[in-house]
Structures are given as structure tokens and as C-alpha cells.
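Each remark here refers to the structure printed beneath this line.
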Amino acid sequence: RSHREELIQKAGPQVERYLPTEDPTAFLLPASRLEPHERKWQKIFVAVPWIVFAGMLAVPLWLVRSNLPFLQQRAEEDKRIAEARNAMFEAGRIPDFEVVSFTQMPDVLERACPTVLLLFDGRTFASKVYLPLMRDLEQTFRSAGIKVAFAALDLTIEPGAPADFGWEYPAALTPHIQLVLPRARDGEAGVVDYEGKWTARGLAEAAAELAGPIRPEIPEAAVQKLDEQLSQFREMLVELLFVEDGKEPDPKEAAANRPGWWSSKAAKEAAKAAAARRLEEARARAEDSINLSQGLSSTIETARTALSAFATV
């Protein structure tokens with residue numbers, strides 16, 4: 001203290017402003033050592049952090065309290081929807097496989113069960129392959145007790161889809177597969193594009209996930225058999241649509257139909273065109289005779305018959 005008084009006597013009373021406070025436990029500087037505007041800012045700098053801290057505590061509590069009735073109401077609605085859906089599941093009301101038009105899509109989206117939807121155009125090669133597979137997957141899941149429905153949207157049925165839908169899912173690139181989740185958000189169905197492997201196993205696993213974690217197991221033997229049949233049917237279609245007929249030409253018939261050496265070039269070209277036209281007509285008849293309204297087993301039998309008929313052309 002004597003040293004403090006000595007400094008004040010030598011330097012003047014203004015030096016006390018820069019000396020330690022007499023009370024070492026004081027939180028604020030004494031008002032006597034500060035200018036009027038400094039006293040104001042000292043109070044502001046002390047109060048603002050506490051005000052911010054109090055606000056950080058109060059705002060989350062206020063948000064929770066103000067939104068709690070809405071959250072409780074939302075939870076009750078979700079609970080009622082889940083109970084209604086589970087009741088329909090327990091009743092076994094899984095729709096049969098059906099081919100629908102675009103105008104029937106609201107019925108598919110309003111289903112209480114998940115749905116695997118195939119978008120197809122029967123004129124494309126891949127659509128012919130996967131339409132029978134979807135029928136077999138539906139039967140496999142129904143037999144196993146897995147609560148997932150299957151359906152197919154025929155893009156050729158009029159009235160068709162809007163133009164913007166056609167741009168997003170072009171008919172020439174069909175098939176497309178979508179996974180429909182009932183009441184995914186605000187009571188509306190959610191639609192997700194399938195991006196997995198285009199095999200029976202890949203589709204079965206994706207469809208089974210829609211039924212939730214507690215469900216019967218996928219019958220592995222049945223799915224493996226479907227993959228084998230899918231590969232077999234694909235090979236038969238390739239042979240029918242993209243390979244020339246395998247019948248050996250009859251020498252006598254070929255000689256009778258062959259234009260003579262004196263025939264004009266136009267006659268020879270006309271004969272070739274007529275032969276090609278007959279071949280394409282026979283191919284189209286064979287293709288139309290394949291029954292796609294059944295599963296892969298029946299479809300393969302009709303494809304085998306069509307191949308045999310085409311080979312005799």
C-alpha cells in the first residue's frame with residue numbers, strides 16, 4: 001500500500017487509473033477510475049453475454065413448447081394411419097397383379113401396401129422379358145406371405161401419360177420400375193425409381209425391403225429358378241427377333257424361285273425384297289403368338305412353339 005501511495009505522489013492521481021484495484025475480488029472496475037462513456041460500455045459488455053446466453057436457452061424451449069401440440073397431433077395421425085395399414089395387411093388384402101392404364105394410377109398410389117410398379121411398352125424387347133417376371137414375382141411373394149403388391153403400367157393404353165411424364169420415362173426405353181411407398185409423407189404416397197440389378201434376385205430383394213425388417217424370408221430356390229427362366233426366355237427372344245431363320249434352303253425351291261440370268265436387276269431385287277418381307281411377316285406372327293399374360297413358364301412354352309413355327313418358314 002505504501003508503494004501505491006508513493007506512485008500516486010510521484011506520478012499524480014491519474015496513475016491510479018492503471019494500477020490494480022484495491023479489491024482483488026471485484027468483478028468490475030470502480031466507477032471512479034472510468035470515464036462516463038467507459039462506465040456505460042462496461043455495463044453493456046457485461047450484460048450482453050448473459051442476455052445472449054439466456055436467449056440461447058429460451059429459444060429452443062419456446063420452439064418445442066409452441067410446436068408440441070402440432071407434433072403430438074402429427075404423431076397421432078401417423079399412428080392411426082399405421083394402425084389402419086397394419087389392419088389391412090393382417091386381413092391379407094394384397095391386390096392381385098394387374099396391368100393398369102395411366103388413368104388408373106391414383107388407385108395404385110392409394111393402396112395401403114407397398115407396390116412394385118413396372119412401366120412398360122409391349123413393343124420393346126425388354127418389356128416382353130420383364131412383364132412375365134413381374135407376374136411370377138407377385139405369385140412368389142404371395143405364396144411366401146410377404147405383403148408387397150405388384151402392378152404394371154401399360155404406356156400404350158389411351159388416354160396416355162402427359163407429355164412431361166413421357167419425357168422423363170420415354171416409352172422407347174421401357175421398362176422402368178418404380179417402388180411405391182404408401183403414405184410416405186403427409187399421407188401421400190412416395191415413388192422411388194428402382195436402381196438395382198435387373199435380375200429376379202435384385203428385384204425380389206428391393207421389393208422385400210418395402211415390407212419392413214419383420215417379414216417372411218424370400219424363397220431362395222424360387223427366385224433362383226426365376227433367374228434361370230428369365231435368362232432362358234431372353235435368349236429365346238434374341239433368337240427369334242434378331243437371328244435369321246435357321247431352316248436350310250430347299251435347292252429345288254431356291255432354283256425355282258431364283259430369277260434367270262436373263263432377268264433384269266429390278267426383278268432380282270424385287271424377289272429379294274419379297275423374300276425379306278415374307279420373313280419379317282413370319283417373324284411378326286411368331287412374336288405375336290408369344291403369350292405374355294402368364295408367368296415365365298407358360299411364356300417360355302409359347303416362345304418355344306413360336307420358334308419352331310418360325311424355323312419352318
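Ordering of the C-alpha cells sets the chain letters (A, B, ...), residue numbers begin anew at 1 in every chain, and ligands are numbered from 1 in the order given.
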
Would you pick out the contacts of range 169-182 of chain A at 6 Å or less, using only C-alpha atoms, so that residues sharing its chain but fewer than 6 positions from it are not included, and give the list as JSON, numbers by chain?
{"A": [112, 114, 115, 116, 117, 118, 119, 120, 121, 127, 189, 190, 191, 192, 193, 194]}

What parts of range 136-285 of chain A does DSSP call strand (DSSP E or B)? I'd like the answer as a list in words.
Ala149, Phe150, Ala151, Ala152, Leu153, Asp154, His176, Ile177, Gln178, Leu179, Val180, Leu181, Pro182, Arg183, Ala184, Arg185, Glu188, Ala189, Gly190, Val191, Val192 and Asp193 of chain A

Assign secondary structure with DSSP using the backbone only, and return the residues of range 64-180 of chain A in helix (DSSP H, G or I) as a PyMOL selection string.
chain A and resi 64-90+102-109+125-144+163-168+171-173

Range 294-297 of chain A surroundings by only C-alpha atoms, 8 Å radius, close-in-sequence under 5 positions cut, as a PyMOL selection string:
chain A and resi 132-136+226+229-230+233

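Picture a line from CA of Ser101 in chain A to CA of Ala206 in chain A; it runs 23.9 Å.
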
For Ile81 in chain A, list every protein, DNA or RNA residue within 12 Å, evaluated using only C-alpha atoms, and leave out those in the same chain fewer than 6 positions away; present the list as a ChimeraX atom specification.
/A:74-75,87-88,112-113,182-188

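Residues lying within 9 Å of range 141-149 of chain A, counting only C-alpha atoms and ignoring same-chain neighbours fewer than 2 positions away, are A:Phe89, A:Gly92, A:Arg93, A:Ile94, A:Pro95, A:Asp96, A:Phe97, A:Cys113, A:Pro114, A:Thr115, A:Val116, A:Leu117, A:Asp136, A:Leu137, A:Glu138, A:Gln139, A:Ala151, A:Ala204, A:Ala207, A:Ala208, A:Leu210, A:Ala211, A:Arg215, A:Pro216, A:Glu217, A:Ile218, A:Pro219.
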
Same residues, C-alpha atoms, output as a JSON list (two decimals), in the first residue's frame:
[["chain", "number", "residue", "atom", "x", "y", "z"],
["A", 89, "PHE", "CA", -52.16, -56.14, -44.04],
["A", 92, "GLY", "CA", -54.50, -60.13, -46.31],
["A", 93, "ARG", "CA", -55.90, -57.53, -48.69],
["A", 94, "ILE", "CA", -52.98, -57.52, -51.11],
["A", 95, "PRO", "CA", -54.24, -56.71, -54.63],
["A", 96, "ASP", "CA", -53.63, -59.21, -57.41],
["A", 97, "PHE", "CA", -51.23, -58.37, -60.21],
["A", 113, "CYS", "CA", -49.47, -51.75, -49.11],
["A", 114, "PRO", "CA", -46.16, -51.13, -50.91],
["A", 115, "THR", "CA", -46.23, -51.74, -54.65],
["A", 116, "VAL", "CA", -43.59, -52.58, -57.25],
["A", 117, "LEU", "CA", -44.69, -50.91, -60.49],
["A", 136, "ASP", "CA", -44.10, -64.67, -61.21],
["A", 137, "LEU", "CA", -42.63, -62.43, -58.52],
["A", 138, "GLU", "CA", -46.14, -61.49, -57.41],
["A", 139, "GLN", "CA", -47.07, -65.16, -57.05],
["A", 151, "ALA", "CA", -48.57, -53.98, -60.92],
["A", 204, "ALA", "CA", -37.06, -59.54, -55.07],
["A", 207, "ALA", "CA", -39.42, -55.46, -53.07],
["A", 208, "ALA", "CA", -38.90, -57.35, -49.81],
["A", 210, "LEU", "CA", -40.57, -52.42, -48.75],
["A", 211, "ALA", "CA", -42.30, -54.86, -46.40],
["A", 215, "ARG", "CA", -41.28, -60.30, -42.66],
["A", 216, "PRO", "CA", -41.02, -63.84, -44.01],
["A", 217, "GLU", "CA", -37.83, -64.78, -45.81],
["A", 218, "ILE", "CA", -37.60, -64.67, -49.59],
["A", 219, "PRO", "CA", -37.80, -68.23, -51.04]]

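Distance-wise, CA of Ile157 in chain A and CA of Thr124 in chain A end up 14.8 Å apart.
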
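Computed from the coordinates, the CA of Gly166 in chain A to CA of Phe102 in chain A distance equals 11.4 Å.
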